[in-house]
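Report on one structure; see the data block that follows.
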Amino acid sequence: MSADLALATAAPLRQPQPGTDRAASALTDPAAILAQVDAITARDLVPLVRAIDAEGLYPEDVMRAYGAAGAYVRHLPAPGGVMDLDTTIAAMTRAGRECLSTAFCMWCQSALGWYIYNSDNTELHETLGPQVASGAVLGGTGLSNPMKTLFGIETMKLKATPVDGGFTLRGSLPWVSNIGPDAWFAVIAEIPEGARAGQRVMMLLHGSGAGVKLAANDHFVALEGTRTFSVQCRDAFVPAAQVLADPINAYVPKIRAGFILLQSGMAFGMIEGCIALMEQVRGPLGHVNQHLPDQPEHFAEKLAALKAEVGALTKTPYDLSDAYFARVIRARLAAGDLAVNAAHNAMLHCGARGYVTHGAAQRRLRESYFCAIVTPATKQLRKMLADMGETA
Ligand SMILES: Cc1cc2nc3c(=O)[nH]c(=O)nc-3n(C[C@H](O)[C@H](O)[C@H](O)COP(=O)(O)OP(=O)(O)OC[C@H]3O[C@@H](n4cnc5c(N)ncnc54)[C@H](O)[C@@H]3O)c2cc1C
């Protein structure tokens, strides 16, 4: 670990243990990982879902247990993982069947690992990377504003000034999830002036870094248990050891498909959870629910097709062709649409038992809209396709 990175770290980064951190998690059998994720979900997550929703409880122990089980490792490129995005997506799906808040936090964690292991800053593969992959260190991603900026929707909220040994950052991001004073998260900042004006740099920030302030200002209709903070940077010094890509030009195309495809797990989990809700009421209410135009089988059929498409796309996340990226966008759009529609139908099928405050269907309906508004939101995905001359 470089002196810079050690200095920037509130709690010193633990060195990876050869034969444990990387090897054990990377080589674990996917079926064993998913079996453990199922067990953790049933035993530890399900009892918490109402408190996560109603009280904003962040399921930290569950997040760490998923990490220890290998839920955040398989998608990572070597040396951290084996580029198996499907298992990471499937783990997220398992949690998302019960709670979208938690599935989103799993995406935040998995995306952070994806950034680190795709970075040319190989030192991070040995220091922070294994800890993020194992869930020992929790963290997230503040890429919503940059992803909107890169596709012509916003302007960069963070500005970076090159200084000796790194950068100083100014500006704020409205929401970054799965973080806190002990967490690491990725951001992109733009150099506003000087010889490098207009260039963009991606880097890691620590929740307790000098000049970094976290504030919990907003309350949401769902996803409250995601430890979501606004991040303010007031001349926050970021040492070169924390830089992921400088400039970002070749790096962002490399990570963008994985960023988007990994979100499928959130939607798949939502859809599966809603299918289960519809099926649960088939006994008492099937005689009338059968007249609704959308039935659980319809969602199961569409979900299977979507999973097949995502499964094909996850094999080549570094494909930089427009044709491939358009397929990724379409799949993500379809997943968000299907998630919202499944939750809408779960509510219609469950009726009043879903409409009471402790009913699952109303919670899933509120949660489901997050699949459609988290970056890239439905409207952004449609704009991206339109800009490429593609239809949705
Ligand atoms: C619960 C939750 C968690 C999130 N977690 C993350 C995260 O981890 N990382 C991340 O990068 N992004 C996060 N976001 C942001 C998210 O990814 C989307 O960017 C956001 O939902 C809006 O996207 P949109 O494309 O619909 O944009 P719009 O809603 O159309 O526009 C968004 C922009 O409008 C402004 N804006 C609108 N309403 C408000 C408001 N009430 N307060 C402040 N600004 C406002 C902001 O500048 C914002 O950038 C989170 C959002 C929510 C609701």
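So you can find residues: chains in the structure tokens are A, B, ... in the order shown, residues in each start at 1, and ligands are numbered from 1 in order.
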Please identify all protein, DNA and RNA residues within 9 Å of ligand 1, counting only C-alpha atoms and all ligand atoms, and report them as a PyMOL selection string.
chain A and resi 101+104-105+108+140-148+153-154+157+173-179+185+187+217-229+370+372-380
Hey, can you spit out that residue selection with C-alpha atoms as a PDB file, in the first residue's frame?
```
ATOM      1  CA  SER A 101     -33.165  -1.556  -0.917  1.00  0.00           C
ATOM      2  CA  PHE A 104     -29.494  -1.866  -4.652  1.00  0.00           C
ATOM      3  CA  CYS A 105     -26.879  -1.722  -1.896  1.00  0.00           C
ATOM      4  CA  CYS A 108     -23.448  -0.296  -5.210  1.00  0.00           C
ATOM      5  CA  GLY A 140     -20.697   2.818  -3.354  1.00  0.00           C
ATOM      6  CA  THR A 141     -20.692   4.810  -6.509  1.00  0.00           C
ATOM      7  CA  GLY A 142     -21.455   8.453  -7.233  1.00  0.00           C
ATOM      8  CA  LEU A 143     -21.615   8.083 -10.985  1.00  0.00           C
ATOM      9  CA  SER A 144     -25.166   9.180 -11.593  1.00  0.00           C
ATOM     10  CA  ASN A 145     -24.269  12.797 -12.404  1.00  0.00           C
ATOM     11  CA  PRO A 146     -21.293  11.824 -14.628  1.00  0.00           C
ATOM     12  CA  MET A 147     -23.333   9.185 -16.452  1.00  0.00           C
ATOM     13  CA  LYS A 148     -25.973  11.807 -17.151  1.00  0.00           C
ATOM     14  CA  ILE A 153     -28.277  15.492 -19.695  1.00  0.00           C
ATOM     15  CA  GLU A 154     -26.395  17.378 -16.949  1.00  0.00           C
ATOM     16  CA  LYS A 157     -21.044  18.654 -10.384  1.00  0.00           C
ATOM     17  CA  LEU A 173     -23.431  15.145  -5.334  1.00  0.00           C
ATOM     18  CA  PRO A 174     -27.046  14.910  -4.142  1.00  0.00           C
ATOM     19  CA  TRP A 175     -27.171  11.182  -3.421  1.00  0.00           C
ATOM     20  CA  VAL A 176     -24.634   8.421  -2.934  1.00  0.00           C
ATOM     21  CA  SER A 177     -25.833   5.167  -1.346  1.00  0.00           C
ATOM     22  CA  ASN A 178     -24.287   2.359   0.686  1.00  0.00           C
ATOM     23  CA  ILE A 179     -21.758   4.740   2.195  1.00  0.00           C
ATOM     24  CA  PHE A 185     -16.958   5.419  -3.097  1.00  0.00           C
ATOM     25  CA  VAL A 187     -16.710   9.725  -8.287  1.00  0.00           C
ATOM     26  CA  ASN A 217     -30.920  15.498   3.898  1.00  0.00           C
ATOM     27  CA  ASP A 218     -33.627  13.668   2.006  1.00  0.00           C
ATOM     28  CA  HIS A 219     -36.201  11.052   2.831  1.00  0.00           C
ATOM     29  CA  PHE A 220     -37.474   8.793   0.108  1.00  0.00           C
ATOM     30  CA  VAL A 221     -40.768   6.984  -0.483  1.00  0.00           C
ATOM     31  CA  ALA A 222     -38.776   3.727  -0.546  1.00  0.00           C
ATOM     32  CA  LEU A 223     -35.109   2.675  -0.517  1.00  0.00           C
ATOM     33  CA  GLU A 224     -34.695   4.469   2.797  1.00  0.00           C
ATOM     34  CA  GLY A 225     -32.473   1.715   4.178  1.00  0.00           C
ATOM     35  CA  THR A 226     -29.707   2.381   1.686  1.00  0.00           C
ATOM     36  CA  ARG A 227     -27.510   4.739   3.723  1.00  0.00           C
ATOM     37  CA  THR A 228     -27.889   7.434   1.096  1.00  0.00           C
ATOM     38  CA  PHE A 229     -26.006  10.681   1.700  1.00  0.00           C
ATOM     39  CA  PHE A 370     -36.478   2.927  -8.312  1.00  0.00           C
ATOM     40  CA  ALA A 372     -37.003   3.059 -13.502  1.00  0.00           C
ATOM     41  CA  ILE A 373     -35.384   6.158 -11.997  1.00  0.00           C
ATOM     42  CA  VAL A 374     -31.963   4.990 -10.854  1.00  0.00           C
ATOM     43  CA  THR A 375     -29.350   6.116 -13.344  1.00  0.00           C
ATOM     44  CA  PRO A 376     -29.644   5.283 -16.170  1.00  0.00           C
ATOM     45  CA  ALA A 377     -33.339   6.070 -15.717  1.00  0.00           C
ATOM     46  CA  THR A 378     -35.978   4.948 -18.209  1.00  0.00           C
ATOM     47  CA  LYS A 379     -35.996   8.411 -19.768  1.00  0.00           C
ATOM     48  CA  GLN A 380     -32.190   8.446 -20.067  1.00  0.00           C
TER      49      GLN A 380
END
```
Taking the chain letters and numbering used in this document, name the residues of segment 171-306 of chain A that DSSP puts in strand (DSSP E), as a ChimeraX atom specification.
/A:171-176,184-190,200-206,212-215,229-239,243-245
Saved selection, atoms kept: C-alpha atoms, as a PDB file, in the first residue's frame:
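Saved the output as selection.pdb:
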```pdb
ATOM      1  CA  GLY A 171     -18.667  20.454  -5.513  1.00  0.00           C
ATOM      2  CA  SER A 172     -21.434  18.173  -4.301  1.00  0.00           C
ATOM      3  CA  LEU A 173     -23.431  15.145  -5.334  1.00  0.00           C
ATOM      4  CA  PRO A 174     -27.046  14.910  -4.142  1.00  0.00           C
ATOM      5  CA  TRP A 175     -27.171  11.182  -3.421  1.00  0.00           C
ATOM      6  CA  VAL A 176     -24.634   8.421  -2.934  1.00  0.00           C
ATOM      7  CA  TRP A 184     -15.200   4.228   0.044  1.00  0.00           C
ATOM      8  CA  PHE A 185     -16.958   5.419  -3.097  1.00  0.00           C
ATOM      9  CA  ALA A 186     -16.110   6.353  -6.662  1.00  0.00           C
ATOM     10  CA  VAL A 187     -16.710   9.725  -8.287  1.00  0.00           C
ATOM     11  CA  ILE A 188     -15.801  11.488 -11.518  1.00  0.00           C
ATOM     12  CA  ALA A 189     -14.681  15.122 -11.524  1.00  0.00           C
ATOM     13  CA  GLU A 190     -13.911  17.548 -14.314  1.00  0.00           C
ATOM     14  CA  ARG A 200     -12.266  14.174 -16.470  1.00  0.00           C
ATOM     15  CA  VAL A 201     -10.772  11.985 -13.789  1.00  0.00           C
ATOM     16  CA  MET A 202     -12.324   9.097 -11.854  1.00  0.00           C
ATOM     17  CA  MET A 203     -11.205   8.568  -8.289  1.00  0.00           C
ATOM     18  CA  LEU A 204     -12.068   7.094  -4.925  1.00  0.00           C
ATOM     19  CA  LEU A 205     -13.197   9.147  -1.947  1.00  0.00           C
ATOM     20  CA  HIS A 206     -13.381   8.044   1.656  1.00  0.00           C
ATOM     21  CA  VAL A 212     -15.435  15.349   2.431  1.00  0.00           C
ATOM     22  CA  LYS A 213     -18.735  15.910   4.230  1.00  0.00           C
ATOM     23  CA  LEU A 214     -21.689  13.523   4.180  1.00  0.00           C
ATOM     24  CA  ALA A 215     -25.194  14.746   4.980  1.00  0.00           C
ATOM     25  CA  PHE A 229     -26.006  10.681   1.700  1.00  0.00           C
ATOM     26  CA  SER A 230     -25.300  13.875  -0.120  1.00  0.00           C
ATOM     27  CA  VAL A 231     -21.566  14.341  -0.555  1.00  0.00           C
ATOM     28  CA  GLN A 232     -19.958  17.740  -0.324  1.00  0.00           C
ATOM     29  CA  CYS A 233     -16.332  18.254  -1.271  1.00  0.00           C
ATOM     30  CA  ARG A 234     -14.608  21.399  -0.080  1.00  0.00           C
ATOM     31  CA  ASP A 235     -11.083  21.265  -1.430  1.00  0.00           C
ATOM     32  CA  ALA A 236     -10.956  17.576  -0.623  1.00  0.00           C
ATOM     33  CA  PHE A 237      -7.455  16.279  -1.336  1.00  0.00           C
ATOM     34  CA  VAL A 238      -7.412  13.059  -3.331  1.00  0.00           C
ATOM     35  CA  PRO A 239      -3.958  11.460  -3.606  1.00  0.00           C
ATOM     36  CA  VAL A 243      -7.191   7.662  -8.893  1.00  0.00           C
ATOM     37  CA  LEU A 244      -9.031   4.997 -10.881  1.00  0.00           C
ATOM     38  CA  ALA A 245      -8.687   6.549 -14.333  1.00  0.00           C
TER      39      ALA A 245
END
```
Option closest in space to Leu381 of chain A, from A:Arg332, A:Arg363, A:His358, A:Lys159 [counting only C-alpha atoms]:
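Of A:Arg332, A:Arg363, A:His358, A:Lys159, the one nearest Leu381 of chain A is A:Arg332, counting only C-alpha atoms.
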So how far away is atom CA of Glu301 of chain A from atom CA of Leu313 of chain A, in Å?
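Computing the Euclidean distance for atom CA of Leu313 of chain A and atom CA of Glu301 of chain A yields 18.8 Å.
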Counting only C-alpha atoms, the residue of A:Arg43, A:Arg74, A:Lys315, A:His344 that sits nearest Leu277 of chain A
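For Leu277 of chain A, the nearest of the given residues is A:His344.
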Could you give me, as a PyMOL selection string, the residues within 9 Å of Leu45 of chain A, counting only C-alpha atoms and dropping anything in the same chain fewer than 4 positions from it?
chain A and resi 40-41+49+59+62+95+98-99+102
Neighbour list for Pro284 of chain A as an MDAnalysis selection string, cut-off 12 Å, only C-alpha atoms, skip fewer than 4 positions in-chain:
chainID A and resid 278:280 288:290 349:351 353
Next, write the just-selected residues to a file, as a compact mmCIF listing (two decimals), in the first residue's frame, keeping C-alpha atoms as the atom set.
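Result file is result-v6.txt:
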```
# COMPACT_ATOMS: atom_id res chain seq x y z
CA MET A 278 -49.38 -12.89 -7.39
CA GLU A 279 -49.10 -16.63 -6.93
CA GLN A 280 -49.66 -16.40 -3.19
CA VAL A 288 -61.52 -13.18 -9.89
CA ASN A 289 -57.81 -12.49 -10.50
CA GLN A 290 -57.96 -14.74 -13.57
CA HIS A 349 -53.70 -9.24 -7.70
CA CYS A 350 -53.24 -8.76 -3.94
CA GLY A 351 -55.95 -6.11 -3.63
CA ARG A 353 -54.21 -7.18 1.51
```
As a ChimeraX atom specification, list the residues of segment 35-148 of chain A assigned to alpha helix (DSSP H) by DSSP on the backbone atoms of this structure.
/A:35-40,49-55,60-69,85-96,100-117,122-126,128-133,144-148
Fewer than 2 positions away in the same chain doesn't count, so skip those; otherwise give me all residues within 12 Å of Glu193 of chain A, counting only C-alpha atoms, as a ChimeraX atom specification.
/A:159-162,190-191,195-200
Atom CA of Leu100 of chain A to atom CA of Cys274 of chain A: how many Å, to one decimal?
11.5 Å
Name the closest residue to Leu261 of chain A among the candidates A:Leu285, A:Ala300, A:Met92, A:Met156; distances are taken between atoms, counting only C-alpha atoms.
A:Met92
Excluding same-chain residues fewer than 2 positions from segment 112-126 of chain A, what lies within 8 Å of it counting only C-alpha atoms, as a ChimeraX atom specification?
/A:1,15-16,72-73,75-80,108-110,128-130,132-133,139-141,185-186,241-245,251,254-255,258-259
Export of the given selection (N, CA and C atoms) as an mmCIF file, in the first residue's frame:
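Okay, out-v9.cif is ready:
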```cif
data_model
loop_
_atom_site.group_PDB
_atom_site.id
_atom_site.type_symbol
_atom_site.label_atom_id
_atom_site.label_comp_id
_atom_site.auth_asym_id
_atom_site.auth_seq_id
_atom_site.Cartn_x
_atom_site.Cartn_y
_atom_site.Cartn_z
ATOM 1 N N MET A 1 0.846 -1.195 0.000
ATOM 2 C CA MET A 1 0.000 0.000 0.000
ATOM 3 C C MET A 1 0.885 1.250 0.000
ATOM 4 N N GLN A 15 -4.044 -5.459 4.502
ATOM 5 C CA GLN A 15 -3.423 -6.101 3.346
ATOM 6 C C GLN A 15 -4.146 -7.415 3.064
ATOM 7 N N PRO A 16 -4.325 -7.758 1.763
ATOM 8 C CA PRO A 16 -4.970 -9.038 1.463
ATOM 9 C C PRO A 16 -4.119 -10.205 1.957
ATOM 10 N N TYR A 72 -20.173 -10.546 -3.915
ATOM 11 C CA TYR A 72 -19.655 -9.365 -4.623
ATOM 12 C C TYR A 72 -18.348 -9.643 -5.357
ATOM 13 N N VAL A 73 -18.069 -10.885 -5.657
ATOM 14 C CA VAL A 73 -16.719 -11.187 -6.159
ATOM 15 C C VAL A 73 -16.677 -11.785 -7.559
ATOM 16 N N HIS A 75 -18.080 -11.357 -10.388
ATOM 17 C CA HIS A 75 -18.106 -10.530 -11.608
ATOM 18 C C HIS A 75 -16.778 -9.831 -11.871
ATOM 19 N N LEU A 76 -15.912 -9.801 -10.863
ATOM 20 C CA LEU A 76 -14.689 -9.010 -10.993
ATOM 21 C C LEU A 76 -13.736 -9.644 -11.997
ATOM 22 N N PRO A 77 -13.053 -8.800 -12.794
ATOM 23 C CA PRO A 77 -12.014 -9.359 -13.652
ATOM 24 C C PRO A 77 -10.849 -9.841 -12.800
ATOM 25 N N ALA A 78 -10.051 -10.728 -13.334
ATOM 26 C CA ALA A 78 -8.877 -11.201 -12.597
ATOM 27 C C ALA A 78 -7.974 -10.004 -12.258
ATOM 28 N N PRO A 79 -7.273 -10.012 -11.113
ATOM 29 C CA PRO A 79 -7.074 -11.164 -10.244
ATOM 30 C C PRO A 79 -8.132 -11.308 -9.148
ATOM 31 N N GLY A 80 -9.129 -10.443 -9.103
ATOM 32 C CA GLY A 80 -10.100 -10.520 -8.011
ATOM 33 C C GLY A 80 -11.149 -11.575 -8.207
ATOM 34 N N CYS A 108 -24.430 -1.352 -5.520
ATOM 35 C CA CYS A 108 -23.448 -0.296 -5.210
ATOM 36 C C CYS A 108 -22.099 -0.930 -4.885
ATOM 37 N N GLN A 109 -22.152 -1.949 -4.023
ATOM 38 C CA GLN A 109 -20.932 -2.633 -3.591
ATOM 39 C C GLN A 109 -20.243 -3.315 -4.780
ATOM 40 N N SER A 110 -21.044 -3.973 -5.590
ATOM 41 C CA SER A 110 -20.487 -4.725 -6.725
ATOM 42 C C SER A 110 -19.938 -3.782 -7.781
ATOM 43 N N LEU A 128 -7.445 -2.076 -1.524
ATOM 44 C CA LEU A 128 -8.878 -1.917 -1.266
ATOM 45 C C LEU A 128 -9.719 -3.006 -1.951
ATOM 46 N N GLY A 129 -9.298 -3.407 -3.160
ATOM 47 C CA GLY A 129 -10.106 -4.332 -3.963
ATOM 48 C C GLY A 129 -10.602 -5.561 -3.205
ATOM 49 N N PRO A 130 -9.700 -6.336 -2.602
ATOM 50 C CA PRO A 130 -10.144 -7.562 -1.926
ATOM 51 C C PRO A 130 -11.111 -7.287 -0.772
ATOM 52 N N VAL A 132 -13.299 -4.788 -0.629
ATOM 53 C CA VAL A 132 -14.615 -4.481 -1.204
ATOM 54 C C VAL A 132 -15.257 -5.785 -1.697
ATOM 55 N N ALA A 133 -14.460 -6.620 -2.344
ATOM 56 C CA ALA A 133 -14.974 -7.883 -2.886
ATOM 57 C C ALA A 133 -15.521 -8.790 -1.789
ATOM 58 N N GLY A 139 -19.077 0.170 0.389
ATOM 59 C CA GLY A 139 -18.891 1.369 -0.417
ATOM 60 C C GLY A 139 -19.876 1.481 -1.553
ATOM 61 N N GLY A 140 -19.710 2.547 -2.320
ATOM 62 C CA GLY A 140 -20.697 2.818 -3.354
ATOM 63 C C GLY A 140 -20.140 3.582 -4.524
ATOM 64 N N THR A 141 -21.027 4.214 -5.234
ATOM 65 C CA THR A 141 -20.692 4.810 -6.509
ATOM 66 C C THR A 141 -21.492 6.089 -6.729
ATOM 67 N N PHE A 185 -16.066 5.318 -1.943
ATOM 68 C CA PHE A 185 -16.958 5.419 -3.097
ATOM 69 C C PHE A 185 -16.246 6.111 -4.253
ATOM 70 N N ALA A 186 -16.749 5.840 -5.445
ATOM 71 C CA ALA A 186 -16.110 6.353 -6.662
ATOM 72 C C ALA A 186 -16.866 7.565 -7.178
ATOM 73 N N ALA A 241 -2.834 7.898 -5.492
ATOM 74 C CA ALA A 241 -3.074 6.474 -5.209
ATOM 75 C C ALA A 241 -4.557 6.130 -5.259
ATOM 76 N N GLN A 242 -5.437 7.135 -5.162
ATOM 77 C CA GLN A 242 -6.879 6.876 -5.188
ATOM 78 C C GLN A 242 -7.496 7.128 -6.569
ATOM 79 N N VAL A 243 -6.659 7.406 -7.543
ATOM 80 C CA VAL A 243 -7.191 7.662 -8.893
ATOM 81 C C VAL A 243 -7.464 6.324 -9.593
ATOM 82 N N LEU A 244 -8.656 6.208 -10.143
ATOM 83 C CA LEU A 244 -9.031 4.997 -10.881
ATOM 84 C C LEU A 244 -8.721 5.141 -12.369
ATOM 85 N N ALA A 245 -8.944 6.332 -12.905
ATOM 86 C CA ALA A 245 -8.687 6.549 -14.333
ATOM 87 C C ALA A 245 -8.446 8.026 -14.580
ATOM 88 N N TYR A 251 -11.601 4.429 -20.172
ATOM 89 C CA TYR A 251 -12.039 3.621 -19.023
ATOM 90 C C TYR A 251 -13.564 3.508 -18.952
ATOM 91 N N LYS A 254 -15.188 0.995 -21.048
ATOM 92 C CA LYS A 254 -14.870 -0.350 -20.560
ATOM 93 C C LYS A 254 -15.811 -0.782 -19.423
ATOM 94 N N ILE A 255 -16.197 0.153 -18.576
ATOM 95 C CA ILE A 255 -17.004 -0.240 -17.399
ATOM 96 C C ILE A 255 -18.507 -0.075 -17.606
ATOM 97 N N GLY A 258 -20.946 -3.242 -17.941
ATOM 98 C CA GLY A 258 -21.030 -3.966 -16.666
ATOM 99 C C GLY A 258 -21.852 -3.198 -15.646
ATOM 100 N N PHE A 259 -21.615 -1.899 -15.584
ATOM 101 C CA PHE A 259 -22.381 -1.011 -14.686
ATOM 102 C C PHE A 259 -23.878 -1.228 -14.893
#
```
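Closest approach to Asp86 of chain A from the set A:Val310, A:Ala183, A:Ala240, A:Ala304 is made by A:Val310, with distances taken over only C-alpha atoms.
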Pick out the residues sitting within 10 Å of Leu320 of chain A, and hand them over as a ChimeraX atom specification; count only C-alpha atoms, and ignore anything fewer than 5 positions along from it in its own chain.
/A:253-254,256-257,325
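Comparing A:Gly283, A:Pro30, A:Gly354, A:Gly273 by their smallest distance to Leu303 of chain A, the closest is A:Gly273 (using only C-alpha atoms).
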